[in-house]
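Enquirer: For reference, the file work-v5.cif (mmCIF, C-alpha atoms and all ligand atoms) is included below:
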data_structure
#
loop_
_atom_site.group_PDB
_atom_site.id
_atom_site.type_symbol
_atom_site.label_atom_id
_atom_site.label_comp_id
_atom_site.auth_asym_id
_atom_site.auth_seq_id
_atom_site.Cartn_x
_atom_site.Cartn_y
_atom_site.Cartn_z
ATOM 1 C CA MET Y 125 101.554 128.243 100.521
ATOM 2 C CA ASP Y 126 103.279 127.202 103.742
ATOM 3 C CA ARG Y 127 103.241 123.711 105.240
ATOM 4 C CA ALA Y 128 100.510 124.440 107.818
ATOM 5 C CA SER Y 129 98.042 125.825 105.281
ATOM 6 C CA GLU Y 130 98.823 122.912 102.933
ATOM 7 C CA ILE Y 131 97.788 120.510 105.690
ATOM 8 C CA GLU Y 132 94.622 122.541 106.361
ATOM 9 C CA GLU Y 133 93.745 122.408 102.670
ATOM 10 C CA ALA Y 134 94.371 118.640 102.547
ATOM 11 C CA LYS Y 135 92.145 118.167 105.616
ATOM 12 C CA ALA Y 136 89.369 120.232 103.997
ATOM 13 C CA VAL Y 137 89.466 118.017 100.875
ATOM 14 C CA LEU Y 138 89.524 114.839 103.002
ATOM 15 C CA LEU Y 139 86.626 116.116 105.120
ATOM 16 C CA ARG Y 140 84.508 116.702 101.994
ATOM 17 C CA GLU Y 141 85.246 113.132 100.801
ATOM 18 C CA LEU Y 142 84.558 111.733 104.280
ATOM 19 C CA ASN Y 143 81.203 113.509 104.448
ATOM 20 C CA LYS Y 144 80.267 112.326 100.953
ATOM 21 C CA ARG Y 145 80.838 108.743 102.155
ATOM 22 C CA ARG Y 146 78.926 109.351 105.392
ATOM 23 C CA THR Y 147 75.968 110.920 103.604
ATOM 24 C CA SER Y 148 75.793 108.073 101.066
ATOM 25 C CA GLU Y 149 75.690 105.624 103.988
ATOM 26 C CA GLY Y 150 72.914 107.578 105.717
ATOM 27 C CA ARG Y 151 75.099 108.957 108.500
ATOM 28 C CA ALA Y 152 75.317 112.563 109.653
ATOM 29 C CA PRO Y 153 78.165 114.633 108.162
ATOM 30 C CA LEU Y 154 80.904 115.897 110.502
ATOM 31 C CA ALA Y 155 81.344 119.628 111.131
ATOM 32 C CA LYS Y 156 85.135 119.398 111.143
ATOM 33 C CA TYR Y 157 88.012 117.085 110.304
ATOM 34 C CA PRO Y 158 88.251 114.357 112.983
ATOM 35 C CA GLU Y 159 91.209 114.770 115.358
ATOM 36 C CA VAL Y 160 90.558 111.304 116.843
ATOM 37 C CA GLY Y 161 89.215 108.111 115.323
ATOM 38 C CA CYS Y 162 89.179 106.967 111.716
ATOM 39 C CA THR Y 163 89.630 109.768 109.183
ATOM 40 C CA VAL Y 164 88.072 107.676 106.400
ATOM 41 C CA CYS Y 165 84.675 106.929 108.000
ATOM 42 C CA GLY Y 166 84.794 109.456 110.873
ATOM 43 C CA GLU Y 167 84.003 106.867 113.543
ATOM 44 C CA THR Y 168 85.912 107.036 116.816
ATOM 45 C CA ARG Y 169 88.181 104.319 118.075
ATOM 46 C CA GLY Y 170 86.463 101.166 119.284
ATOM 47 C CA SER Y 171 83.845 100.737 116.586
ATOM 48 C CA GLY Y 172 86.234 99.554 113.875
ATOM 49 C CA GLY Y 173 89.010 97.923 115.929
ATOM 50 C CA PRO Y 174 92.586 99.246 115.849
ATOM 51 C CA LEU Y 175 93.549 102.410 113.964
ATOM 52 C CA PHE Y 176 96.347 102.400 111.417
ATOM 53 C CA GLN Y 177 98.487 105.480 111.010
ATOM 54 C CA SER Y 178 99.460 106.493 107.479
ATOM 55 C CA ALA Y 179 102.629 108.359 106.493
ATOM 56 C CA ALA Y 180 100.704 111.627 106.972
ATOM 57 C CA PRO Y 181 100.118 112.054 110.738
ATOM 58 C CA TYR Y 182 96.536 113.301 110.278
ATOM 59 C CA ILE Y 183 95.366 110.250 108.294
ATOM 60 C CA ARG Y 184 94.244 107.220 110.347
ATOM 61 C CA THR Y 185 92.253 104.233 109.081
ATOM 62 C CA CYS Y 186 90.163 101.758 111.059
ATOM 63 C CA GLN Y 187 90.186 98.032 110.252
ATOM 64 C CA ALA Y 188 86.661 98.179 108.785
ATOM 65 C CA CYS Y 189 87.819 100.849 106.300
ATOM 66 C CA VAL Y 190 91.040 98.954 105.437
ATOM 67 C CA LEU Y 191 88.884 95.945 104.532
ATOM 68 C CA LYS Y 192 86.852 98.096 102.106
ATOM 69 C CA GLU Y 193 89.886 98.755 99.859
ATOM 70 C CA PHE Y 194 91.268 96.402 97.203
ATOM 71 C CA PRO Y 195 92.910 93.914 97.616
ATOM 72 C CA PHE Y 196 91.713 93.676 101.234
ATOM 73 C CA THR Y 197 88.072 93.467 100.098
ATOM 74 C CA LYS Y 198 88.719 89.808 99.319
ATOM 75 C CA LEU Y 199 90.319 89.058 102.680
ATOM 76 C CA ARG Y 200 88.170 87.030 105.054
ATOM 77 C CA LEU Y 201 89.402 87.223 108.645
ATOM 78 C CA PRO Y 202 88.076 84.739 111.196
ATOM 79 C CA PRO Y 203 85.840 86.453 113.800
ATOM 80 C CA GLY Y 204 87.881 88.183 116.495
ATOM 81 C CA GLU Y 205 91.106 88.220 114.482
ATOM 82 C CA THR Y 206 92.451 91.748 114.123
ATOM 83 C CA ILE Y 207 95.007 93.212 111.763
ATOM 84 C CA ALA Y 208 98.293 94.053 113.481
ATOM 85 C CA TRP Y 209 100.073 95.357 110.350
ATOM 86 C CA PHE Y 210 99.353 95.545 106.639
ATOM 87 C CA ARG Y 211 100.917 96.844 103.453
ATOM 88 C CA ASN Y 212 100.088 97.164 99.780
ATOM 89 C CA ASN Y 213 101.038 99.606 97.040
ATOM 90 C CA PRO Y 214 98.003 100.987 95.232
ATOM 91 C CA THR Y 215 99.652 102.953 92.415
ATOM 92 C CA PHE Y 216 97.394 104.262 89.674
ATOM 93 C CA HIS Y 217 99.311 102.642 86.810
ATOM 94 C CA ARG Y 218 99.069 99.097 88.164
ATOM 95 C CA THR Y 219 96.144 96.973 87.116
ATOM 96 C CA SER Y 220 96.495 94.861 90.235
ATOM 97 C CA ASP Y 221 98.116 95.083 93.618
ATOM 98 C CA TYR Y 222 99.712 92.825 96.189
ATOM 99 C CA GLY Y 223 98.745 92.656 99.847
ATOM 100 C CA ILE Y 224 100.398 91.583 103.094
ATOM 101 C CA VAL Y 225 98.465 91.296 106.365
ATOM 102 C CA LEU Y 226 99.772 90.145 109.723
ATOM 103 C CA THR Y 227 97.491 89.273 112.634
ATOM 104 C CA GLY Y 228 98.305 87.677 115.978
ATOM 105 C CA CYS Y 229 97.530 84.243 114.470
ATOM 106 C CA ALA Y 230 98.456 84.259 110.816
ATOM 107 C CA LEU Y 231 100.157 85.881 107.859
ATOM 108 C CA TYR Y 232 97.964 86.605 104.827
ATOM 109 C CA LEU Y 233 99.454 87.103 101.371
ATOM 110 C CA TYR Y 234 97.786 88.247 98.171
ATOM 111 C CA SER Y 235 99.595 88.304 94.851
ATOM 112 C CA PRO Y 236 98.424 89.299 91.364
ATOM 113 C CA PHE Y 237 100.835 86.640 90.045
ATOM 114 C CA TRP Y 238 98.885 83.811 91.627
ATOM 115 C CA LEU Y 239 96.514 83.360 88.711
ATOM 116 C CA MET Y 240 95.568 79.946 90.049
ATOM 117 C CA PHE Y 241 94.068 81.323 93.264
ATOM 118 C CA SER Y 242 93.383 85.052 92.869
ATOM 119 C CA ARG Y 243 92.585 85.002 96.546
ATOM 120 C CA TRP Y 244 94.354 85.502 99.845
ATOM 121 C CA ARG Y 245 96.577 82.745 101.123
ATOM 122 C CA ARG Y 246 96.434 82.205 104.892
ATOM 123 C CA ILE Y 247 99.568 80.899 106.604
ATOM 124 C CA PRO Y 248 99.183 80.242 110.350
ATOM 125 C CA LEU Y 249 102.177 81.591 112.305
ATOM 126 C CA ALA Y 250 102.493 78.124 113.880
ATOM 127 C CA GLU Y 251 103.472 76.721 110.456
ATOM 128 C CA ILE Y 252 106.154 79.314 109.705
ATOM 129 C CA ARG Y 253 109.805 78.391 110.250
ATOM 130 C CA GLY Y 254 111.429 81.576 108.990
ATOM 131 C CA ALA Y 255 111.004 84.704 106.897
ATOM 132 C CA ALA Y 256 113.436 86.599 104.698
ATOM 133 C CA PHE Y 257 113.599 89.357 102.121
ATOM 134 C CA ARG Y 258 115.311 88.318 98.880
ATOM 135 C CA ASP Y 259 116.262 91.204 96.660
ATOM 136 C CA SER Y 260 116.328 91.087 92.884
ATOM 137 C CA ARG Y 261 116.473 93.788 90.205
ATOM 138 C CA LEU Y 262 113.066 92.898 88.717
ATOM 139 C CA PHE Y 263 111.301 90.725 91.284
ATOM 140 C CA PRO Y 264 112.151 91.434 94.921
ATOM 141 C CA ALA Y 265 110.403 88.857 97.094
ATOM 142 C CA LEU Y 266 109.320 87.821 100.561
ATOM 143 C CA HIS Y 267 110.246 84.192 101.316
ATOM 144 C CA ILE Y 268 108.250 82.437 104.028
ATOM 145 C CA ARG Y 269 109.811 79.128 105.031
ATOM 146 C CA LEU Y 270 107.369 76.357 105.940
ATOM 147 C CA ASP Y 271 107.896 72.696 106.828
ATOM 148 C CA GLY Y 272 106.849 71.606 103.360
ATOM 149 C CA GLY Y 273 108.514 74.312 101.276
ATOM 150 C CA THR Y 274 108.598 78.049 100.804
ATOM 151 C CA ALA Y 275 105.794 80.520 100.113
ATOM 152 C CA VAL Y 276 107.043 83.346 97.909
ATOM 153 C CA LEU Y 277 105.415 86.745 97.424
ATOM 154 C CA ARG Y 278 107.046 88.662 94.564
ATOM 155 C CA THR Y 279 106.288 92.307 93.848
ATOM 156 C CA PRO Y 280 106.028 93.473 90.221
ATOM 157 C CA PRO Y 281 108.641 95.322 88.153
ATOM 158 C CA ASP Y 282 107.845 99.036 88.286
ATOM 159 C CA TYR Y 283 109.380 102.506 88.404
ATOM 160 C CA ALA Y 284 112.438 102.641 90.664
ATOM 161 C CA ASP Y 285 110.763 104.576 93.502
ATOM 162 C CA GLU Y 286 107.758 102.232 93.567
ATOM 163 C CA MET Y 287 110.101 99.254 93.726
ATOM 164 C CA GLU Y 288 112.009 100.852 96.607
ATOM 165 C CA TYR Y 289 108.704 101.251 98.461
ATOM 166 C CA ASP Y 290 107.900 97.571 97.755
ATOM 167 C CA ARG Y 291 111.359 96.515 98.994
ATOM 168 C CA ARG Y 292 110.805 98.384 102.265
ATOM 169 C CA ASN Y 293 107.387 96.687 102.639
ATOM 170 C CA LEU Y 294 108.853 93.225 102.024
ATOM 171 C CA THR Y 295 111.799 93.872 104.350
ATOM 172 C CA GLU Y 296 109.503 95.074 107.145
ATOM 173 C CA ALA Y 297 107.143 92.127 106.559
ATOM 174 C CA ALA Y 298 110.033 89.646 106.980
ATOM 175 C CA GLU Y 299 111.146 91.404 110.192
ATOM 176 C CA ARG Y 300 107.633 91.494 111.622
ATOM 177 C CA VAL Y 301 106.961 87.841 110.812
ATOM 178 C CA ARG Y 302 110.284 86.848 112.437
ATOM 179 C CA THR Y 303 109.509 88.761 115.633
ATOM 180 C CA SER Y 304 106.004 87.189 115.716
ATOM 181 C CA LEU Y 305 107.455 83.682 115.851
ATOM 182 C CA PRO Y 306 108.160 81.983 119.195
ATOM 183 C CA ILE Y 307 111.740 82.449 120.403
ATOM 184 C CA GLY Y 308 114.032 79.778 119.006
ATOM 185 C CA ARG Y 309 111.785 78.943 116.056
ATOM 186 C CA ASN Y 310 113.499 81.295 113.685
ATOM 187 C CA GLU Y 311 116.945 80.104 112.550
HETATM 188 ZN ZN ZN Y 401 86.911 103.793 109.322
#
Go through the file and emit its structure as structure tokens.
Expert:
Amino acid sequence: MDRASEIEEAKAVLLRELNKRRTSEGRAPLAKYPEVGCTVCGETRGSGGPLFQSAAPYIRTCQACVLKEFPFTKLRLPPGETIAWFRNNPTFHRTSDYGIVLTGCALYLYSPFWLMFSRWRRIPLAEIRGAAFRDSRLFPALHIRLDGGTAVLRTPPDYADEMEYDRRNLTEAAERVRTSLPIGRNE
């Protein structure tokens, strides 16, 4: 099977899943795979806020659909606050997942290691003094420097390729947090 027909087959499977969701929610099924709008719920841009592009160019998710997936189900955003960037790594063999969300106002971190909270931690951008990726063989981590200390999000030990994906997520998170800070704040 060539690349183009592979994509068509993937779209057909995704369309069936999309229509199953729509039907269960009492909405009309779509006749064909959406070329615009969210490819999870089938709604066009505007209803669910910004659209997030996945690695596959034909898969786009609206904010409402992102917030329906673990661990984002537990995230409570203040009204009007929209997600600018997010990452997690939902691999089938993990019992839990981490989450990183950046909005225009705050950074949100969720870690399965934080047994004390088991909830999202909100860090206003105004309280952040710096952000860095710290590599380690078993526990690569995102370090967020605050006035009163450092918030650390570690990702779990895993297969090498999963850990490389986590490292890229943590590296990009540190870069995005740094560029979100006012000029001169970041040392
Ligand atoms: Zn959606």
Enquirer: Suppose a student applies the PyMOL selection byres (((chain Y and resi 266) around 9) and not hetatm) to this structure; what residues should they get, written as a PyMOL selection string?
Expert: chain Y and resi 255-259+264-265+267-268+275-279+294-295+297-298
Enquirer: Within 10 Å of (94.7, 95.1, 116.0) (coordinates as in the file), grab all the protein and nucleic acid residues, counting all atoms listed in the file, and write them out as a short mmCIF file (atom, residue, chain, number, x, y, z; two decimals) with C-alpha atoms, keeping the file's coordinate frame.
Expert:
data_model
loop_
_atom_site.label_atom_id
_atom_site.label_comp_id
_atom_site.auth_asym_id
_atom_site.auth_seq_id
_atom_site.Cartn_x
_atom_site.Cartn_y
_atom_site.Cartn_z
CA GLY Y 172 86.23 99.55 113.88
CA GLY Y 173 89.01 97.92 115.93
CA PRO Y 174 92.59 99.25 115.85
CA LEU Y 175 93.55 102.41 113.96
CA PHE Y 176 96.35 102.40 111.42
CA CYS Y 186 90.16 101.76 111.06
CA GLN Y 187 90.19 98.03 110.25
CA GLY Y 204 87.88 88.18 116.50
CA GLU Y 205 91.11 88.22 114.48
CA THR Y 206 92.45 91.75 114.12
CA ILE Y 207 95.01 93.21 111.76
CA ALA Y 208 98.29 94.05 113.48
CA TRP Y 209 100.07 95.36 110.35
CA LEU Y 226 99.77 90.14 109.72
CA THR Y 227 97.49 89.27 112.63
CA GLY Y 228 98.30 87.68 115.98
#
Enquirer: Can you list, as an MDAnalysis selection string, every protein, DNA or RNA residue that comes within 12 Å of Y:Ala250 when you count all atoms listed in the file, leaving out same-chain residues fewer than 2 positions away?
Expert: chainID Y and resid 228:231 246:248 252:254 269:271 301:302 304:306 309:310
Enquirer: Could you spell out the hits of the PyMOL selection byres (((not hetatm)) within 9 of (chain Y and resi 401)) on the shown file, as a PyMOL selection string?
Expert: chain Y and resi 161-169+171-172+175+184-190
Enquirer: The PyMOL selection byres (((chain Y and resi 129-141) around 12) and not hetatm) on the file shown: which residues, as a ChimeraX atom specification?
Expert: /Y:125-128,142-148,153-159,162-166,180-184
